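J.: Shown below is the structure under consideration.
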Amino acid sequence: RQVAVDYLFILAVGLAAGTISGIVGFGSSIMLMPVLVLAFGPLQAVPIMAIAALMANGSRIAAWWREVDWRTCGAYAATGACATFA
């Protein structure tokens with residue numbers, strides 16, 4: 001029973017964080033990560049947050065596919081990949 005309440009709380013915080021992030025443009029991780037750490041611990045919270053971020057960014061790409069400047073995106077990705085190796 002307590003597990004269901006925990007999941008409902010995480011869902012509510014996730015919806016609030018997503019709404020605020022959609023309006024402001026950032027901040028969902030700052031709001032959601034402490035709740036995930038309390039519920040699952042830090043070792044599980046980090047991959048959960050990473051998967052959530054990938055899903056959110058993937059949905060943004062799918063929604064705005066035609067609006068993306070792919071040439072600029074490629075330039076950022078190329079320099080970012082080089083900086084990652086450095």
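Ordered as shown in the structure tokens, chains take letters A, B, and onward, while each chain numbers its residues from 1 and ligands are numbered from 1 in the order shown.
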Excluding same-chain residues fewer than 3 positions from stretch 3-14 of chain A, what lies within 7 Å of it counting only C-alpha atoms, as a list in words?
T.: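 Here the qualifying residues turn out to be Ala17, Gly18, Leu32 and Val35 of chain A.
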J.: Grab the atom CA of A:Thr79 to atom CA of A:Pro47 distance for me, in Å with one decimal place.
T.: 25.3 Å
